[in-house]
Amino acid sequence: NCSKQYQRTIIVNDVDITAPGKAIAGINTNYGDTVSLRNIRIHGDSSKKIKTCVRYTGNSTGAEPKETGSGPDGTYCKFTASDISYE
């Protein structure tokens with residue numbers, strides 16, 4: 001929610017995440033952000049409530065960005081179901 005935005009490239013590899021939580025990553029697709037998730041283990045979230053990658057339309061006004069989708073899309077959220085395990 002910053003007044004000046006920049007493109008971000010995020011790589012998350014070989015990480016354990018423990019519930020509760022809302023999302024592993026959130027990116028602004030309109031600024032060209034990308035995230036790659038590999039070998040992610042989520043613990044204590046058998047109902048799969050933690051979102052993996054949330055896509056937003058960012059802005060430079062400081063307002064909350066609009067969510068436009070979540071999950072892998074091959075362009076901005078780069079991973080497959082096999083990259084995420086629930087334990």
# chains A, B, ... in the order shown; residues from 1 in each chain; ligands from 1
$ select_by_dssp --residues "stretch 10-66 of chain A" --states "strand (DSSP E or B)" --output "PyMOL selection string"
chain A and resi 10-18+23-28+34-43+51-57+66
$ residues_around --residues "stretch 61-72 of chain A" --least-positions-apart "3" --cutoff "9 Å" --atoms "only C-alpha atoms" --output "JSON, numbers by chain"
{"A": [1, 2, 3, 4, 26, 28, 29, 51, 52, 53, 54, 55, 56, 57, 58, 75, 76, 77, 78, 79, 80, 81]}
$ write_last_selection --atoms "C-alpha atoms" --output "mmCIF file, in the first residue's frame"
data_model
loop_
_atom_site.group_PDB
_atom_site.id
_atom_site.type_symbol
_atom_site.label_atom_id
_atom_site.label_comp_id
_atom_site.auth_asym_id
_atom_site.auth_seq_id
_atom_site.Cartn_x
_atom_site.Cartn_y
_atom_site.Cartn_z
ATOM 1 C CA ASN A 1 0.000 0.000 0.000
ATOM 2 C CA CYS A 2 2.927 2.308 -0.649
ATOM 3 C CA SER A 3 2.676 5.505 -2.655
ATOM 4 C CA LYS A 4 5.462 4.299 -4.965
ATOM 5 C CA GLY A 26 0.496 -11.683 -2.487
ATOM 6 C CA ASN A 28 0.468 -7.049 -7.901
ATOM 7 C CA THR A 29 0.087 -8.377 -11.430
ATOM 8 C CA LYS A 51 -4.036 -19.377 -0.037
ATOM 9 C CA THR A 52 -0.820 -20.074 -1.890
ATOM 10 C CA CYS A 53 -0.491 -17.025 -4.147
ATOM 11 C CA VAL A 54 -2.966 -14.136 -4.208
ATOM 12 C CA ARG A 55 -3.066 -11.834 -7.235
ATOM 13 C CA TYR A 56 -3.988 -8.182 -6.774
ATOM 14 C CA THR A 57 -4.327 -5.050 -8.879
ATOM 15 C CA GLY A 58 -2.009 -2.722 -7.002
ATOM 16 C CA THR A 75 2.398 -16.295 -15.556
ATOM 17 C CA TYR A 76 2.495 -14.473 -12.217
ATOM 18 C CA CYS A 77 2.006 -17.323 -9.720
ATOM 19 C CA LYS A 78 4.504 -19.902 -10.944
ATOM 20 C CA PHE A 79 4.057 -23.319 -9.356
ATOM 21 C CA THR A 80 1.981 -26.480 -9.623
ATOM 22 C CA ALA A 81 -0.050 -28.440 -7.096
#
$ closest_residue --among "A:Asn59, A:Asn13, A:Ser47, A:Ser85" --to "A:Asn30" --atoms "only C-alpha atoms"
A:Asn59
$ atom_distance --atom1 "atom CA of A:Ile84" --atom2 "atom CA of A:Thr9"
19.1 Å
$ residues_around --residues "A:Val15" --least-positions-apart "5" --cutoff "10 Å" --atoms "only C-alpha atoms" --output "mmCIF file with N, CA, C and O atoms, in the first residue's frame"
data_model
loop_
_atom_site.group_PDB
_atom_site.id
_atom_site.type_symbol
_atom_site.label_atom_id
_atom_site.label_comp_id
_atom_site.auth_asym_id
_atom_site.auth_seq_id
_atom_site.Cartn_x
_atom_site.Cartn_y
_atom_site.Cartn_z
ATOM 1 N N LEU A 37 6.905 -20.761 -6.236
ATOM 2 C CA LEU A 37 6.848 -21.562 -5.011
ATOM 3 C C LEU A 37 7.334 -22.962 -5.335
ATOM 4 O O LEU A 37 6.859 -23.582 -6.289
ATOM 5 N N ARG A 38 8.276 -23.475 -4.546
ATOM 6 C CA ARG A 38 8.809 -24.816 -4.730
ATOM 7 C C ARG A 38 9.003 -25.476 -3.371
ATOM 8 O O ARG A 38 9.519 -24.849 -2.446
ATOM 9 N N ASN A 39 8.580 -26.729 -3.286
ATOM 10 C CA ASN A 39 8.820 -27.545 -2.085
ATOM 11 C C ASN A 39 8.304 -26.850 -0.818
ATOM 12 O O ASN A 39 9.042 -26.659 0.142
ATOM 13 N N ILE A 40 7.025 -26.480 -0.840
ATOM 14 C CA ILE A 40 6.372 -25.806 0.283
ATOM 15 C C ILE A 40 5.566 -26.826 1.068
ATOM 16 O O ILE A 40 4.762 -27.570 0.493
ATOM 17 N N ARG A 41 5.763 -26.875 2.381
ATOM 18 C CA ARG A 41 5.026 -27.787 3.248
ATOM 19 C C ARG A 41 4.168 -26.962 4.206
ATOM 20 O O ARG A 41 4.693 -26.157 4.978
ATOM 21 N N ILE A 42 2.854 -27.170 4.134
ATOM 22 C CA ILE A 42 1.928 -26.436 4.990
ATOM 23 C C ILE A 42 1.434 -27.389 6.072
ATOM 24 O O ILE A 42 0.908 -28.458 5.781
ATOM 25 N N ILE A 84 3.277 -27.971 -3.568
ATOM 26 C CA ILE A 84 2.688 -27.670 -2.258
ATOM 27 C C ILE A 84 2.228 -28.980 -1.629
ATOM 28 O O ILE A 84 1.523 -29.764 -2.260
#
$ atom_distance --atom1 "atom CA of A:Gly21" --atom2 "atom CA of A:Lys49"
8.0 Å
$ atom_distance --atom1 "atom CA of A:Gly32" --atom2 "atom CA of A:Asp16"
26.5 Å
$ closest_residue --among "A:Glu87, A:Tyr31, A:Ser36, A:Ser60" --to "A:Gly74" --atoms "only C-alpha atoms"
A:Ser36
$ decode --residues "stretch 40-53 of chain A" --atoms "all heavy atoms" --output "JSON list (two decimals), in the first residue's frame"
[["chain", "number", "residue", "atom", "x", "y", "z"],
["A", 40, "ILE", "N", 7.02, -26.48, -0.84],
["A", 40, "ILE", "CA", 6.37, -25.81, 0.28],
["A", 40, "ILE", "C", 5.57, -26.83, 1.07],
["A", 40, "ILE", "O", 4.76, -27.57, 0.49],
["A", 40, "ILE", "CB", 5.44, -24.68, -0.21],
["A", 40, "ILE", "CG1", 6.19, -23.71, -1.12],
["A", 40, "ILE", "CG2", 4.78, -23.98, 0.96],
["A", 40, "ILE", "CD1", 7.31, -22.96, -0.47],
["A", 41, "ARG", "N", 5.76, -26.87, 2.38],
["A", 41, "ARG", "CA", 5.03, -27.79, 3.25],
["A", 41, "ARG", "C", 4.17, -26.96, 4.21],
["A", 41, "ARG", "O", 4.69, -26.16, 4.98],
["A", 41, "ARG", "CB", 6.00, -28.67, 4.02],
["A", 41, "ARG", "CG", 6.82, -29.58, 3.10],
["A", 41, "ARG", "CD", 7.99, -30.23, 3.81],
["A", 41, "ARG", "NE", 8.94, -29.26, 4.37],
["A", 41, "ARG", "CZ", 9.90, -28.62, 3.66],
["A", 41, "ARG", "NH1", 10.03, -28.84, 2.36],
["A", 41, "ARG", "NH2", 10.72, -27.77, 4.26],
["A", 42, "ILE", "N", 2.85, -27.17, 4.13],
["A", 42, "ILE", "CA", 1.93, -26.44, 4.99],
["A", 42, "ILE", "C", 1.43, -27.39, 6.07],
["A", 42, "ILE", "O", 0.91, -28.46, 5.78],
["A", 42, "ILE", "CB", 0.75, -25.86, 4.18],
["A", 42, "ILE", "CG1", 1.29, -24.92, 3.09],
["A", 42, "ILE", "CG2", -0.22, -25.13, 5.10],
["A", 42, "ILE", "CD1", 0.24, -24.37, 2.16],
["A", 43, "HIS", "N", 1.60, -26.99, 7.32],
["A", 43, "HIS", "CA", 1.24, -27.83, 8.47],
["A", 43, "HIS", "C", -0.01, -27.28, 9.16],
["A", 43, "HIS", "O", -0.16, -26.07, 9.32],
["A", 43, "HIS", "CB", 2.39, -27.84, 9.49],
["A", 43, "HIS", "CG", 3.68, -28.34, 8.91],
["A", 43, "HIS", "ND1", 4.03, -29.67, 8.91],
["A", 43, "HIS", "CD2", 4.70, -27.68, 8.29],
["A", 43, "HIS", "CE1", 5.22, -29.80, 8.33],
["A", 43, "HIS", "NE2", 5.64, -28.61, 7.94],
["A", 44, "GLY", "N", -0.89, -28.19, 9.56],
["A", 44, "GLY", "CA", -2.06, -27.82, 10.35],
["A", 44, "GLY", "C", -3.15, -27.10, 9.59],
["A", 44, "GLY", "O", -3.93, -26.35, 10.17],
["A", 45, "ASP", "N", -3.22, -27.31, 8.29],
["A", 45, "ASP", "CA", -4.25, -26.65, 7.46],
["A", 45, "ASP", "C", -4.91, -27.69, 6.55],
["A", 45, "ASP", "O", -4.90, -27.57, 5.33],
["A", 45, "ASP", "CB", -3.61, -25.52, 6.64],
["A", 45, "ASP", "CG", -4.64, -24.69, 5.88],
["A", 45, "ASP", "OD1", -5.79, -24.58, 6.34],
["A", 45, "ASP", "OD2", -4.30, -24.17, 4.80],
["A", 46, "SER", "N", -5.49, -28.72, 7.17],
["A", 46, "SER", "CA", -6.08, -29.81, 6.39],
["A", 46, "SER", "C", -7.25, -29.34, 5.51],
["A", 46, "SER", "O", -7.54, -29.94, 4.48],
["A", 46, "SER", "CB", -6.55, -30.94, 7.31],
["A", 46, "SER", "OG", -7.51, -30.45, 8.24],
["A", 47, "SER", "N", -7.89, -28.24, 5.89],
["A", 47, "SER", "CA", -8.99, -27.71, 5.06],
["A", 47, "SER", "C", -8.49, -26.76, 3.97],
["A", 47, "SER", "O", -9.28, -26.23, 3.20],
["A", 47, "SER", "CB", -10.02, -27.00, 5.94],
["A", 47, "SER", "OG", -9.40, -25.95, 6.66],
["A", 48, "LYS", "N", -7.18, -26.57, 3.89],
["A", 48, "LYS", "CA", -6.52, -25.78, 2.84],
["A", 48, "LYS", "C", -7.06, -24.36, 2.76],
["A", 48, "LYS", "O", -7.37, -23.85, 1.69],
["A", 48, "LYS", "CB", -6.61, -26.50, 1.49],
["A", 48, "LYS", "CG", -5.94, -27.86, 1.52],
["A", 48, "LYS", "CD", -6.00, -28.55, 0.19],
["A", 48, "LYS", "CE", -5.32, -29.91, 0.28],
["A", 48, "LYS", "NZ", -5.32, -30.63, -0.98],
["A", 49, "LYS", "N", -7.15, -23.70, 3.91],
["A", 49, "LYS", "CA", -7.63, -22.31, 3.96],
["A", 49, "LYS", "C", -6.54, -21.30, 3.62],
["A", 49, "LYS", "O", -6.83, -20.19, 3.20],
["A", 49, "LYS", "CB", -8.23, -22.00, 5.33],
["A", 49, "LYS", "CG", -9.53, -22.73, 5.59],
["A", 49, "LYS", "CD", -10.14, -22.32, 6.90],
["A", 49, "LYS", "CE", -11.46, -23.04, 7.10],
["A", 49, "LYS", "NZ", -12.11, -22.64, 8.36],
["A", 50, "ILE", "N", -5.27, -21.67, 3.84],
["A", 50, "ILE", "CA", -4.18, -20.76, 3.51],
["A", 50, "ILE", "C", -4.04, -20.71, 1.99],
["A", 50, "ILE", "O", -3.81, -21.74, 1.34],
["A", 50, "ILE", "CB", -2.85, -21.21, 4.15],
["A", 50, "ILE", "CG1", -2.95, -21.17, 5.67],
["A", 50, "ILE", "CG2", -1.69, -20.32, 3.67],
["A", 50, "ILE", "CD1", -1.73, -21.72, 6.39],
["A", 51, "LYS", "N", -4.19, -19.53, 1.41],
["A", 51, "LYS", "CA", -4.04, -19.38, -0.04],
["A", 51, "LYS", "C", -2.55, -19.40, -0.37],
["A", 51, "LYS", "O", -1.72, -18.90, 0.38],
["A", 51, "LYS", "CB", -4.66, -18.07, -0.51],
["A", 51, "LYS", "CG", -6.17, -18.04, -0.35],
["A", 51, "LYS", "CD", -6.73, -16.72, -0.84],
["A", 51, "LYS", "CE", -8.24, -16.68, -0.67],
["A", 51, "LYS", "NZ", -8.80, -15.39, -1.14],
["A", 52, "THR", "N", -2.22, -19.97, -1.50],
["A", 52, "THR", "CA", -0.82, -20.07, -1.89],
["A", 52, "THR", "C", -0.31, -18.75, -2.45],
["A", 52, "THR", "O", 0.64, -18.17, -1.93],
["A", 52, "THR", "CB", -0.65, -21.18, -2.93],
["A", 52, "THR", "OG1", -1.63, -21.01, -3.96],
["A", 52, "THR", "CG2", -0.81, -22.55, -2.30],
["A", 53, "CYS", "N", -0.92, -18.26, -3.48],
["A", 53, "CYS", "CA", -0.49, -17.03, -4.15],
["A", 53, "CYS", "C", -1.74, -16.21, -4.48],
["A", 53, "CYS", "O", -2.61, -16.70, -5.19],
["A", 53, "CYS", "CB", 0.28, -17.37, -5.42],
["A", 53, "CYS", "SG", 0.76, -15.92, -6.39]]
